[in-house]
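Pasted below: target_35.txt, compact mmCIF, C-alpha atoms.
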# COMPACT_ATOMS: atom_id res chain seq x y z
CA MET D 24 1.54 -4.51 -20.52
CA LYS D 25 -1.70 -5.59 -18.89
CA ILE D 26 -1.25 -8.29 -16.23
CA VAL D 27 -3.97 -10.68 -15.10
CA LEU D 28 -3.49 -12.83 -12.01
CA GLU D 29 -6.21 -15.42 -12.40
CA HIS D 30 -7.14 -16.96 -9.05
CA ILE D 31 -3.52 -17.78 -8.17
CA THR D 32 -2.74 -19.74 -5.01
CA LYS D 33 0.65 -20.67 -3.58
CA ARG D 34 1.11 -23.40 -0.99
CA TYR D 35 4.28 -24.66 0.66
CA PRO D 36 4.90 -27.85 2.66
CA ASN D 37 4.55 -27.19 6.36
CA ARG D 38 8.00 -27.12 7.98
CA ASN D 39 6.44 -28.32 11.21
CA LYS D 40 6.52 -32.05 10.57
CA LYS D 41 4.29 -32.76 13.54
CA GLU D 42 1.46 -30.68 12.07
CA GLY D 43 2.09 -31.80 8.47
CA GLY D 44 -0.02 -30.57 5.58
CA GLU D 45 0.61 -27.34 3.69
CA VAL D 46 0.85 -23.63 4.43
CA THR D 47 -0.99 -21.24 2.13
CA ALA D 48 1.07 -18.12 1.39
CA VAL D 49 -1.25 -16.66 -1.28
CA ASP D 50 -4.91 -17.64 -1.44
CA ASP D 51 -7.10 -17.24 -4.55
CA PHE D 52 -5.47 -13.95 -5.60
CA HIS D 53 -7.52 -12.51 -8.48
CA LEU D 54 -6.51 -9.15 -9.93
CA THR D 55 -6.16 -7.26 -13.18
CA ILE D 56 -3.32 -4.72 -13.37
CA PRO D 57 -3.98 -2.20 -16.17
CA ASP D 58 -1.32 -1.38 -18.72
CA GLY D 59 1.07 1.42 -17.76
CA LYS D 60 -0.06 1.76 -14.13
CA LEU D 61 1.96 1.70 -10.91
CA ILE D 62 0.35 -0.71 -8.46
CA GLY D 63 1.35 -0.93 -4.80
CA LEU D 64 1.12 -4.31 -3.07
CA LEU D 65 0.72 -3.34 0.57
CA GLY D 66 0.47 -5.34 3.76
CA PRO D 67 2.31 -6.50 6.89
CA SER D 68 5.28 -8.86 6.81
CA GLY D 69 4.25 -12.39 5.90
CA CYS D 70 1.06 -11.42 4.06
CA GLY D 71 2.23 -12.85 0.71
CA LYS D 72 3.35 -9.68 -1.12
CA SER D 73 6.82 -10.88 -2.14
CA THR D 74 5.52 -14.37 -2.95
CA THR D 75 3.01 -12.80 -5.33
CA LEU D 76 5.77 -10.73 -6.93
CA ASN D 77 7.98 -13.80 -7.30
CA MET D 78 5.17 -15.64 -9.09
CA ILE D 79 4.74 -12.74 -11.50
CA CYS D 80 8.48 -12.75 -12.12
CA GLY D 81 8.66 -16.53 -12.56
CA LEU D 82 10.89 -17.25 -9.58
CA GLU D 83 7.97 -19.15 -8.01
CA ALA D 84 5.31 -21.24 -9.75
CA PRO D 85 1.70 -20.93 -8.54
CA THR D 86 0.14 -24.04 -7.07
CA GLU D 87 -3.13 -23.08 -8.73
CA GLY D 88 -4.25 -20.41 -11.17
CA LYS D 89 -2.76 -18.66 -14.18
CA ILE D 90 -0.74 -15.53 -14.92
CA TRP D 91 -1.31 -13.59 -18.12
CA PHE D 92 0.83 -10.86 -19.69
CA GLY D 93 -1.58 -9.35 -22.18
CA ASP D 94 -2.99 -12.31 -24.12
CA THR D 95 -0.03 -14.57 -23.32
CA ASP D 96 -0.19 -17.23 -20.62
CA VAL D 97 3.20 -16.94 -18.87
CA THR D 98 2.41 -19.26 -15.95
CA ASN D 99 5.03 -21.81 -16.99
CA LEU D 100 7.54 -19.46 -18.65
CA THR D 101 10.98 -19.03 -17.10
CA PRO D 102 11.89 -15.54 -15.80
CA GLU D 103 14.18 -14.67 -18.73
CA LEU D 104 11.33 -15.26 -21.20
CA ARG D 105 8.80 -13.04 -19.43
CA GLY D 106 10.35 -9.66 -20.19
CA VAL D 107 10.39 -8.45 -16.59
CA GLY D 108 12.84 -6.26 -14.73
CA MET D 109 13.28 -7.02 -11.03
CA VAL D 110 14.69 -4.77 -8.29
CA PHE D 111 15.28 -6.55 -5.00
CA GLN D 112 15.39 -5.25 -1.43
CA SER D 113 19.16 -5.71 -1.45
CA TYR D 114 20.78 -3.88 -4.35
CA ALA D 115 22.61 -7.07 -5.47
CA LEU D 116 25.32 -5.10 -7.28
CA TYR D 117 28.63 -6.69 -8.21
CA PRO D 118 31.22 -4.91 -6.05
CA HIS D 119 34.16 -5.52 -8.42
CA MET D 120 32.32 -4.00 -11.38
CA THR D 121 31.81 -0.34 -12.26
CA VAL D 122 28.34 1.14 -12.51
CA ARG D 123 28.55 0.85 -16.30
CA GLN D 124 29.46 -2.84 -16.08
CA ASN D 125 26.71 -3.55 -13.53
CA ILE D 126 24.04 -1.98 -15.74
CA MET D 127 25.37 -3.69 -18.87
CA PHE D 128 25.53 -7.15 -17.31
CA PRO D 129 21.95 -8.25 -18.28
CA LEU D 130 22.58 -7.20 -21.89
CA GLU D 131 25.76 -9.27 -22.12
CA ASN D 132 23.73 -12.39 -21.34
CA LEU D 133 21.31 -11.93 -24.23
CA LYS D 134 21.59 -14.65 -26.85
CA GLY D 135 20.33 -15.46 -30.32
CA PRO D 136 18.30 -12.79 -32.12
CA ASP D 137 18.21 -10.65 -28.96
CA LYS D 138 22.01 -10.35 -28.78
CA LEU D 139 23.25 -6.75 -29.07
CA SER D 140 26.41 -5.21 -30.42
CA LYS D 141 28.81 -3.52 -28.00
CA PRO D 142 27.95 0.02 -29.25
CA GLU D 143 24.22 -0.71 -28.84
CA MET D 144 24.77 -2.02 -25.31
CA LEU D 145 26.73 1.11 -24.37
CA ARG D 146 24.01 3.32 -25.83
CA ARG D 147 21.33 1.57 -23.79
CA VAL D 148 23.43 1.78 -20.62
CA GLU D 149 23.86 5.53 -21.07
CA GLU D 150 20.13 5.98 -21.72
CA ALA D 151 19.20 4.03 -18.57
CA ALA D 152 21.78 5.94 -16.51
CA ARG D 153 20.43 9.28 -17.72
CA LEU D 154 16.89 8.21 -16.89
CA VAL D 155 17.81 7.55 -13.25
CA GLN D 156 20.22 10.53 -13.19
CA ILE D 157 23.49 8.67 -12.54
CA ASP D 158 25.10 9.20 -15.96
CA GLU D 159 28.02 11.04 -14.31
CA LEU D 160 28.77 8.05 -12.05
CA LEU D 161 29.26 5.31 -14.64
CA ASP D 162 32.94 4.78 -13.81
CA ARG D 163 32.46 4.43 -10.07
CA ARG D 164 32.17 1.20 -8.14
CA PRO D 165 29.26 0.49 -5.74
CA SER D 166 31.44 1.07 -2.65
CA GLU D 167 32.03 4.64 -3.81
CA MET D 168 28.31 5.47 -3.90
CA SER D 169 25.57 6.29 -1.40
CA GLY D 170 22.67 3.94 -0.74
CA GLY D 171 20.33 6.04 -2.86
CA GLN D 172 22.77 6.03 -5.78
CA GLN D 173 23.21 2.26 -5.53
CA GLN D 174 19.44 1.84 -5.61
CA ARG D 175 19.32 3.90 -8.81
CA VAL D 176 21.95 1.62 -10.34
CA ALA D 177 19.76 -1.39 -9.50
CA ILE D 178 16.76 0.30 -11.14
CA ALA D 179 18.82 1.21 -14.22
CA ARG D 180 19.98 -2.40 -14.51
CA ALA D 181 16.34 -3.54 -14.45
CA LEU D 182 15.32 -0.96 -17.07
CA VAL D 183 18.19 -1.46 -19.50
CA LYS D 184 16.52 -4.50 -21.10
CA THR D 185 13.41 -2.35 -21.80
CA PRO D 186 11.19 -4.75 -19.81
CA LYS D 187 7.46 -4.99 -20.30
CA VAL D 188 6.96 -5.12 -16.52
CA LEU D 189 9.02 -3.60 -13.68
CA LEU D 190 8.87 -5.34 -10.30
CA LEU D 191 10.14 -3.61 -7.14
CA ASP D 192 10.42 -5.66 -3.94
CA GLU D 193 10.79 -3.39 -0.88
CA PRO D 194 13.30 -1.25 -2.81
CA LEU D 195 13.53 1.55 -0.23
CA SER D 196 13.80 -0.38 3.04
CA ASN D 197 17.60 0.00 3.29
CA LEU D 198 17.54 3.79 2.89
CA ASP D 199 17.25 6.44 5.57
CA ALA D 200 14.06 8.53 5.84
CA ARG D 201 15.21 11.42 3.66
CA LEU D 202 16.59 9.15 0.94
CA ARG D 203 13.38 7.07 0.95
CA LEU D 204 11.38 10.21 0.25
CA SER D 205 13.56 11.39 -2.65
CA THR D 206 13.98 7.90 -4.14
CA ARG D 207 10.28 7.10 -4.15
CA GLU D 208 9.70 10.38 -5.99
CA GLU D 209 12.31 9.26 -8.52
CA ILE D 210 10.59 5.88 -8.94
CA ARG D 211 7.32 7.65 -9.69
CA ARG D 212 9.01 9.98 -12.18
CA ILE D 213 10.75 7.09 -13.95
CA GLN D 214 7.53 5.08 -14.15
CA ARG D 215 5.65 8.00 -15.69
CA GLU D 216 8.40 8.71 -18.21
CA THR D 217 8.71 5.09 -19.33
CA GLY D 218 5.05 4.06 -19.05
CA ILE D 219 6.12 0.60 -17.89
CA THR D 220 3.58 -1.37 -15.89
CA THR D 221 5.12 -1.38 -12.42
CA ILE D 222 4.36 -3.36 -9.25
CA PHE D 223 5.80 -1.95 -6.04
CA VAL D 224 5.86 -4.15 -2.92
CA THR D 225 6.06 -2.45 0.47
CA HIS D 226 4.83 -2.71 4.06
CA ASP D 227 5.03 1.10 4.38
CA GLN D 228 1.57 2.51 3.73
CA GLU D 229 2.90 6.05 3.29
CA GLU D 230 5.18 4.88 0.46
CA ALA D 231 2.39 2.98 -1.27
CA MET D 232 -0.15 5.77 -0.98
CA SER D 233 2.22 8.48 -2.17
CA ILE D 234 3.24 6.98 -5.52
CA SER D 235 0.68 4.30 -6.51
CA ASP D 236 -2.15 4.63 -9.00
CA GLN D 237 -3.86 1.77 -7.16
CA ILE D 238 -3.06 -0.05 -3.95
CA VAL D 239 -3.79 -3.68 -3.16
CA VAL D 240 -4.05 -4.26 0.59
CA MET D 241 -3.23 -7.84 1.60
CA GLU D 242 -3.60 -9.84 4.79
CA ARG D 243 -2.57 -13.48 5.23
CA GLY D 244 -2.35 -14.07 1.49
CA VAL D 245 -5.78 -12.61 0.73
CA ILE D 246 -6.74 -9.35 -0.97
CA ARG D 247 -8.62 -7.23 1.54
CA GLN D 248 -9.24 -4.17 -0.64
CA VAL D 249 -8.21 -2.67 -3.99
CA GLY D 250 -8.60 0.96 -5.04
CA LYS D 251 -7.10 4.39 -5.43
CA PRO D 252 -5.04 5.25 -2.34
CA GLN D 253 -7.25 8.10 -1.10
CA ASP D 254 -10.43 6.10 -1.75
CA VAL D 255 -9.15 3.16 0.30
CA TYR D 256 -8.11 5.51 3.12
CA ASP D 257 -11.47 7.30 3.14
CA GLU D 258 -13.67 4.26 2.58
CA PRO D 259 -12.06 1.15 4.14
CA GLU D 260 -14.16 -1.97 3.65
CA ASN D 261 -13.07 -3.60 6.89
CA LEU D 262 -11.37 -2.92 10.21
CA PHE D 263 -8.02 -4.37 9.09
CA VAL D 264 -7.70 -1.91 6.19
CA SER D 265 -8.79 1.05 8.31
CA LYS D 266 -6.15 0.24 10.95
CA PHE D 267 -3.39 -0.46 8.46
CA LEU D 268 -3.69 2.85 6.59
CA GLY D 269 -3.08 6.19 8.21
CA THR D 270 -0.41 8.01 10.23
CA PRO D 271 -1.21 8.51 13.06
CA PRO D 272 -3.39 5.38 12.91
CA ILE D 273 -7.14 5.39 13.25
CA ASN D 274 -8.51 5.40 16.82
CA VAL D 275 -10.66 2.34 17.52
CA PHE D 276 -13.24 2.16 20.32
CA ALA D 277 -15.58 -0.59 21.49
CA GLY D 278 -19.10 0.71 20.99
CA ARG D 279 -22.69 -0.30 20.53
CA ILE D 280 -25.67 0.88 18.51
CA GLU D 281 -29.10 1.21 20.10
CA ARG D 282 -32.05 2.55 18.09
CA GLU D 283 -29.73 4.32 15.61
CA HIS D 284 -27.68 6.00 18.34
CA LEU D 285 -23.99 5.21 18.77
CA TYR D 286 -22.65 4.77 22.30
CA ILE D 287 -19.05 4.62 23.50
CA GLY D 288 -19.16 3.53 27.10
CA SER D 289 -22.21 5.19 28.63
CA GLN D 290 -22.07 8.27 26.40
CA GLU D 291 -24.19 8.77 23.29
CA VAL D 292 -21.72 10.18 20.78
CA LEU D 293 -23.39 10.14 17.35
CA ASP D 294 -26.61 9.56 15.45
CA VAL D 295 -26.11 6.68 13.01
CA HIS D 296 -29.34 6.49 11.01
CA GLY D 297 -29.68 3.26 9.07
CA ALA D 298 -27.21 1.25 11.19
CA PRO D 299 -28.55 -1.90 12.91
CA ASP D 300 -28.39 -2.43 16.66
CA GLY D 301 -25.45 -4.38 18.04
CA GLU D 302 -21.85 -4.30 19.20
CA VAL D 303 -19.49 -2.43 16.91
CA SER D 304 -15.92 -1.25 16.56
CA VAL D 305 -15.84 2.50 16.10
CA GLY D 306 -12.98 3.88 14.01
CA VAL D 307 -12.28 7.61 14.19
CA ARG D 308 -9.48 9.15 12.15
CA PRO D 309 -7.19 11.51 14.13
CA GLU D 310 -8.66 14.44 12.19
CA GLY D 311 -12.19 13.29 13.04
CA PHE D 312 -12.37 14.87 16.52
CA VAL D 313 -13.59 18.39 17.31
CA PRO D 314 -12.86 19.77 20.82
CA SER D 315 -15.91 21.36 22.41
CA PRO D 316 -16.89 22.36 25.98
CA ASP D 317 -20.00 20.22 25.62
CA GLY D 318 -18.47 17.47 23.44
CA ALA D 319 -20.24 14.10 23.41
CA LEU D 320 -17.16 12.00 24.29
CA THR D 321 -15.28 12.68 27.52
CA CYS D 322 -11.67 11.47 27.61
CA ALA D 323 -8.86 11.79 30.13
CA LEU D 324 -6.37 14.38 28.90
CA VAL D 325 -2.78 13.13 28.75
CA ALA D 326 -0.96 15.84 26.79
CA VAL D 327 -1.33 18.63 24.26
CA GLU D 328 1.41 18.82 21.64
CA ARG D 329 1.72 21.96 19.49
CA MET D 330 2.93 21.11 15.97
CA GLY D 331 2.79 24.45 14.15
CA ARG D 332 -0.32 24.49 12.02
CA ASP D 333 -1.90 21.58 13.97
CA THR D 334 -2.28 20.52 17.57
CA SER D 335 -2.11 16.91 18.70
CA VAL D 336 -4.36 16.06 21.63
CA VAL D 337 -3.28 12.88 23.43
CA ALA D 338 -5.98 11.34 25.60
CA SER D 339 -7.22 8.03 26.96
CA HIS D 340 -10.56 6.24 27.32
CA ASP D 341 -11.48 2.86 28.80
CA ALA D 342 -13.23 1.81 25.56
CA HIS D 343 -10.21 2.63 23.36
CA ASP D 344 -8.29 -0.40 22.12
CA GLY D 345 -4.87 1.24 22.29
CA VAL D 346 -2.78 3.00 24.89
CA HIS D 347 -3.65 6.54 23.82
CA ILE D 348 -6.13 8.35 21.63
CA ARG D 349 -4.48 10.83 19.27
CA ALA D 350 -6.60 13.64 17.86
CA ILE D 351 -5.25 16.15 15.32
CA VAL D 352 -7.11 19.45 15.68
CA SER D 353 -6.67 23.00 14.45
CA SER D 354 -3.98 25.08 16.17
CA ASP D 355 -6.75 27.62 16.85
CA ALA D 356 -8.60 25.17 19.11
CA ARG D 357 -8.67 26.32 22.72
CA ILE D 358 -7.77 23.46 25.04
CA ASP D 359 -7.11 23.80 28.75
CA THR D 360 -3.84 21.93 29.11
CA LYS D 361 -4.25 21.78 32.90
CA ALA D 362 -7.68 20.14 32.78
CA GLU D 363 -8.11 16.49 33.74
CA ASN D 364 -10.51 15.77 30.85
CA VAL D 365 -11.10 16.90 27.29
CA ARG D 366 -14.49 16.70 25.59
CA LEU D 367 -14.66 15.82 21.92
CA ASN D 368 -17.34 15.61 19.24
CA LEU D 369 -17.01 13.08 16.42
CA ARG D 370 -17.13 14.15 12.78
CA PRO D 371 -19.50 11.67 11.05
CA GLU D 372 -17.57 11.78 7.76
CA LYS D 373 -14.40 10.70 9.58
CA THR D 374 -16.10 8.01 11.67
CA ARG D 375 -16.38 4.43 10.43
CA LEU D 376 -18.32 1.56 11.98
CA PHE D 377 -17.34 -2.11 11.79
CA ASP D 378 -19.00 -5.30 12.95
CA ALA D 379 -17.42 -6.24 16.29
CA GLN D 380 -17.15 -9.91 15.28
CA THR D 381 -16.31 -9.93 11.55
CA GLY D 382 -14.64 -6.51 11.21
CA GLU D 383 -16.72 -5.77 8.10
CA ARG D 384 -17.90 -2.23 7.42
CA ILE D 385 -21.33 -1.06 8.63
CA HIS D 386 -22.70 1.94 6.73
CA PHE D 387 -24.91 4.68 8.12
CA PHE D 388 -26.47 7.84 6.70
CA GLY D 389 -24.31 10.88 7.23
CA GLU D 390 -20.89 9.16 7.09
CA THR D 391 -20.29 10.59 3.61
CA MET D 392 -22.16 13.85 4.19
CA GLU D 393 -24.67 12.76 1.51
CA GLU D 394 -28.45 12.73 1.60
CA PRO D 395 -29.95 9.37 2.64
CA SER D 396 -31.62 8.97 -0.78
CA VAL D 397 -28.23 9.27 -2.52
CA VAL D 398 -26.68 6.67 -0.20
CA MET D 399 -29.61 4.26 -0.71
CA GLU D 400 -29.40 4.61 -4.50
CA ARG D 401 -25.63 3.98 -4.53
CA GLU D 402 -25.91 0.90 -2.28
CA ALA D 403 -28.74 -0.48 -4.43
CA ARG D 404 -26.51 -0.24 -7.50
CA ALA D 405 -23.65 -1.86 -5.59
CA ASN D 406 -25.84 -4.75 -4.46
CA ALA D 407 -27.07 -5.30 -8.02
CA LYS D 408 -23.50 -5.82 -9.22
CA ALA D 409 -20.83 -6.23 -6.56
CA PRO D 410 -17.40 -5.49 -8.16
CA ASP D 411 -14.56 -7.93 -7.62
CA ALA D 412 -10.92 -7.04 -7.11
CA THR D 413 -10.28 -7.11 -10.86
CA GLU D 414 -12.93 -4.47 -11.60
CA ALA D 415 -11.75 -2.34 -8.72
CA ALA D 416 -8.21 -2.29 -10.09
CA GLU D 417 -9.41 -1.17 -13.50
Just give me the structure as structure tokens.
Amino acid sequence: MKIVLEHITKRYPNRNKKEGGEVTAVDDFHLTIPDGKLIGLLGPSGCGKSTTLNMICGLEAPTEGKIWFGDTDVTNLTPELRGVGMVFQSYALYPHMTVRQNIMFPLENLKGPDKLSKPEMLRRVEEAARLVQIDELLDRRPSEMSGGQQQRVAIARALVKTPKVLLLDEPLSNLDARLRLSTREEIRRIQRETGITTIFVTHDQEEAMSISDQIVVMERGVIRQVGKPQDVYDEPENLFVSKFLGTPPINVFAGRIEREHLYIGSQEVLDVHGAPDGEVSVGVRPEGFVPSPDGALTCALVAVERMGRDTSVVASHDAHDGVHIRAIVSSDARIDTKAENVRLNLRPEKTRLFDAQTGERIHFFGETMEEPSVVMEREARANAKAPDATEAAE
């Protein structure tokens, strides 16, 4: 089922009576979700992810805009008429019911032509239970199951009605780290087997990047970037996206460009042909540093942590916006752990420049390891037709 969110906005009355007015939770959200894809809505708490999901489900009505399921306008349809399955952050299982009864519950509420016979309901329950691999647990009660098993029951309950759309609102947040890993793999497997259009809300960028076909990064109710997970990681369009994605996070320095040379502090660290002069924020991924005796950037060495195949170099610099710089380098790199300083070169393809005021991306030749003519041709095409969020999602 293809979903189109057509410029939807959601406003609430301001609870602060002194200020009055309204608070905008979602602002002009425009996106097309292709049929059969798993889309991750990603962003910090309070960015509007769950509100967007609730509007798709029908639990909230948009203040402005329309929601389409295929060619059907569902903006004013009640949740039970939309054909959606919803899995909440809390499992919301009935403790006095068995797993079988919990999964069957939505089917028992069907009325009219949709009403099913008891044998058909049992067949569907068993199919859903097999799909999420809990068919041997149908006679247990929720209290007799682990958190991961309970989450599978909640997913089976959402799938048993054969929904057109599956909505998952922070479904893994109550699980421990190991269970989160295995359960997210199960969600991906189930989505591929069923082919149901699925929207997965999370604030955990690792979760979103690992299972999503596309991710939608949100901030303060606004879409900041849409794309394939690796593309968004490699080519962030703004400083917010670059800082939100990545573990360890990107290292950000205050810098400046003078005559196509990039400076951090007083040191010239990189040639940035094609970039205009001015103050910039310099983002360097942890894997974007190369230790060298004559490296362009001198940092105070804090620690060297051996991690098997990689080495983590922890350092500091006055121009860095965080407490410590973290560089991930090859375990073969020779670093004097007793030295006061470490010198590092920057890999251009792992370095991103952003306007110091707006946070928007500044491009330069060499950042993609392409010839300048190729970069100029691509940017000319992009300027001729700038894609919106809908095109990016498709």
Exercise. Any idea what the distance is between CA of Asp300 (chain D) and CA of His343 (chain D)?
Worked result: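 Those two atoms sit 20.0 Å apart.
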For this session: With only C-alpha atoms counted, which protein, DNA or RNA residues have an atom no more than 9 Å from (-0.9, 5.3, 19.0) in the file frame? Please answer as a VMD selection string.
Result: chain D and resid 271 to 274 345 to 349
Which residues come within 7 Å of Val122 (chain D), counting only C-alpha atoms, excluding same-chain residues fewer than 2 positions away, as an mmCIF file with C-alpha atoms, in the frame of the given file?
data_model
loop_
_atom_site.group_PDB
_atom_site.id
_atom_site.type_symbol
_atom_site.label_atom_id
_atom_site.label_comp_id
_atom_site.auth_asym_id
_atom_site.auth_seq_id
_atom_site.Cartn_x
_atom_site.Cartn_y
_atom_site.Cartn_z
ATOM 1 C CA MET D 120 32.320 -4.000 -11.380
ATOM 2 C CA GLN D 124 29.460 -2.840 -16.080
ATOM 3 C CA ASN D 125 26.710 -3.550 -13.530
ATOM 4 C CA ILE D 126 24.040 -1.980 -15.740
ATOM 5 C CA LEU D 160 28.770 8.050 -12.050
ATOM 6 C CA LEU D 161 29.260 5.310 -14.640
ATOM 7 C CA ASP D 162 32.940 4.780 -13.810
ATOM 8 C CA ARG D 163 32.460 4.430 -10.070
ATOM 9 C CA ARG D 164 32.170 1.200 -8.140
ATOM 10 C CA PRO D 165 29.260 0.490 -5.740
ATOM 11 C CA VAL D 176 21.950 1.620 -10.340
#
Problem set entry | Interatomic distance (Å, one decimal) between CA of Ala362 (chain D) and CA of Glu291 (chain D) |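 These atoms are spaced 22.2 Å apart.
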Problem set entry | Spatial neighbours of Glu193 (chain D), max dist 6 Å, all atoms listed in the file, sep filter under 6 positions, as a list in words |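 Answer for this query is Gln112, Val224 and Thr225 of chain D.
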Exercise. Which residue out of D:Pro299, D:Pro67, D:Gly244, D:Pro309 has the minimum interatomic distance to Thr47 (chain D) when all atoms listed in the file are used?
Worked result: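 Nearest candidate to Thr47 (chain D) out of D:Pro299, D:Pro67, D:Gly244, D:Pro309: D:Gly244.
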Problem set entry | Selected residue of minimal separation from Asn132 (chain D) among D:Val97, D:Cys80, D:Leu367, D:Met144, counting only C-alpha atoms |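 Of D:Val97, D:Cys80, D:Leu367, D:Met144, the one nearest Asn132 (chain D), counting only C-alpha atoms, is D:Met144.
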Exercise. Pick the closest to Gly93 (chain D) from D:Val27, D:Leu202, D:Met168, D:Cys322: which is it, counting all atoms listed in the file?
Worked result: D:Val27
Problem set entry | Minimum-distance residue to Arg366 (chain D), chosen among D:Leu320, D:Val303, D:Asp344, D:Gly382 (using all atoms listed in the file) |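 Going through D:Leu320, D:Val303, D:Asp344, D:Gly382 one by one, the smallest distance to Arg366 (chain D) is for D:Leu320.
Using all atoms listed in the file, the smallest distance between any of D:Glu131, D:Glu363, D:Glu209, D:Glu230 and Thr321 (chain D) comes from D:Glu363.
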Problem set entry | For CA of Arg243 (chain D) and CA of Ala48 (chain D), the interatomic separation in Å (one decimal) |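 Here the two named atoms are 7.0 Å from each other.
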Sorted by chain and rising residue number, which residues of region 57-166 of chain D lie within 9 Å of region 231-237 of chain D, and what are their closest atom pairs and distances in Å to one decimal, counting all atoms listed in the file, as a tab-separated table?
residue	atom	partner	partner_atom	distance
D:Lys60	CA	D:Asp236	CA	6.2
D:Leu61	CA	D:Ser235	CA	5.3
D:Ile62	CA	D:Gln237	CA	5.1
D:Gly63	CA	D:Ala231	CA	5.4
D:Leu64	CA	D:Ala231	CA	7.6
D:Leu65	CA	D:Ala231	CA	6.8
For this session: Select, from D:Arg215, D:Lys40, D:Arg123, D:Arg247, the residue with the minimum atom-to-atom distance to His53 (chain D), counting only C-alpha atoms.
Result: D:Arg247
Exercise. If we count only C-alpha atoms, what is near Gly106 (chain D) at a cut-off of 10 Å, once residues fewer than 4 positions away on the same chain are taken out, given as an MDAnalysis selection string?
Worked result: chainID D and resid 80 92 101:102 184:189
Same residues, C-alpha atoms, output as a short mmCIF file (atom, residue, chain, number, x, y, z; two decimals), in the coordinates of the input:
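selection01.cif written:
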data_model
loop_
_atom_site.label_atom_id
_atom_site.label_comp_id
_atom_site.auth_asym_id
_atom_site.auth_seq_id
_atom_site.Cartn_x
_atom_site.Cartn_y
_atom_site.Cartn_z
CA CYS D 80 8.48 -12.75 -12.12
CA PHE D 92 0.83 -10.86 -19.69
CA THR D 101 10.98 -19.03 -17.10
CA PRO D 102 11.89 -15.54 -15.80
CA LYS D 184 16.52 -4.50 -21.10
CA THR D 185 13.41 -2.35 -21.80
CA PRO D 186 11.19 -4.75 -19.81
CA LYS D 187 7.46 -4.99 -20.30
CA VAL D 188 6.96 -5.12 -16.52
CA LEU D 189 9.02 -3.60 -13.68
#
At a cut-off of 10 Å, using all atoms listed in the file, what residues contact Thr74 (chain D)? Leave out same-chain residues fewer than 3 positions from it and give the result as a PDB file with C-alpha atoms, in the coordinates of the input.
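Below is the file selection_19.pdb, written as the result:
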ATOM      1  CA  LYS D  33       0.650 -20.670  -3.580  1.00  0.00           C
ATOM      2  CA  ALA D  48       1.070 -18.120   1.390  1.00  0.00           C
ATOM      3  CA  VAL D  49      -1.250 -16.660  -1.280  1.00  0.00           C
ATOM      4  CA  GLY D  69       4.250 -12.390   5.900  1.00  0.00           C
ATOM      5  CA  CYS D  70       1.060 -11.420   4.060  1.00  0.00           C
ATOM      6  CA  GLY D  71       2.230 -12.850   0.710  1.00  0.00           C
ATOM      7  CA  ASN D  77       7.980 -13.800  -7.300  1.00  0.00           C
ATOM      8  CA  MET D  78       5.170 -15.640  -9.090  1.00  0.00           C
ATOM      9  CA  ILE D  79       4.740 -12.740 -11.500  1.00  0.00           C
ATOM     10  CA  CYS D  80       8.480 -12.750 -12.120  1.00  0.00           C
ATOM     11  CA  LEU D  82      10.890 -17.250  -9.580  1.00  0.00           C
ATOM     12  CA  GLU D  83       7.970 -19.150  -8.010  1.00  0.00           C
ATOM     13  CA  ALA D  84       5.310 -21.240  -9.750  1.00  0.00           C
ATOM     14  CA  PRO D  85       1.700 -20.930  -8.540  1.00  0.00           C
ATOM     15  CA  GLY D 244      -2.350 -14.070   1.490  1.00  0.00           C
TER      16      GLY D 244
END
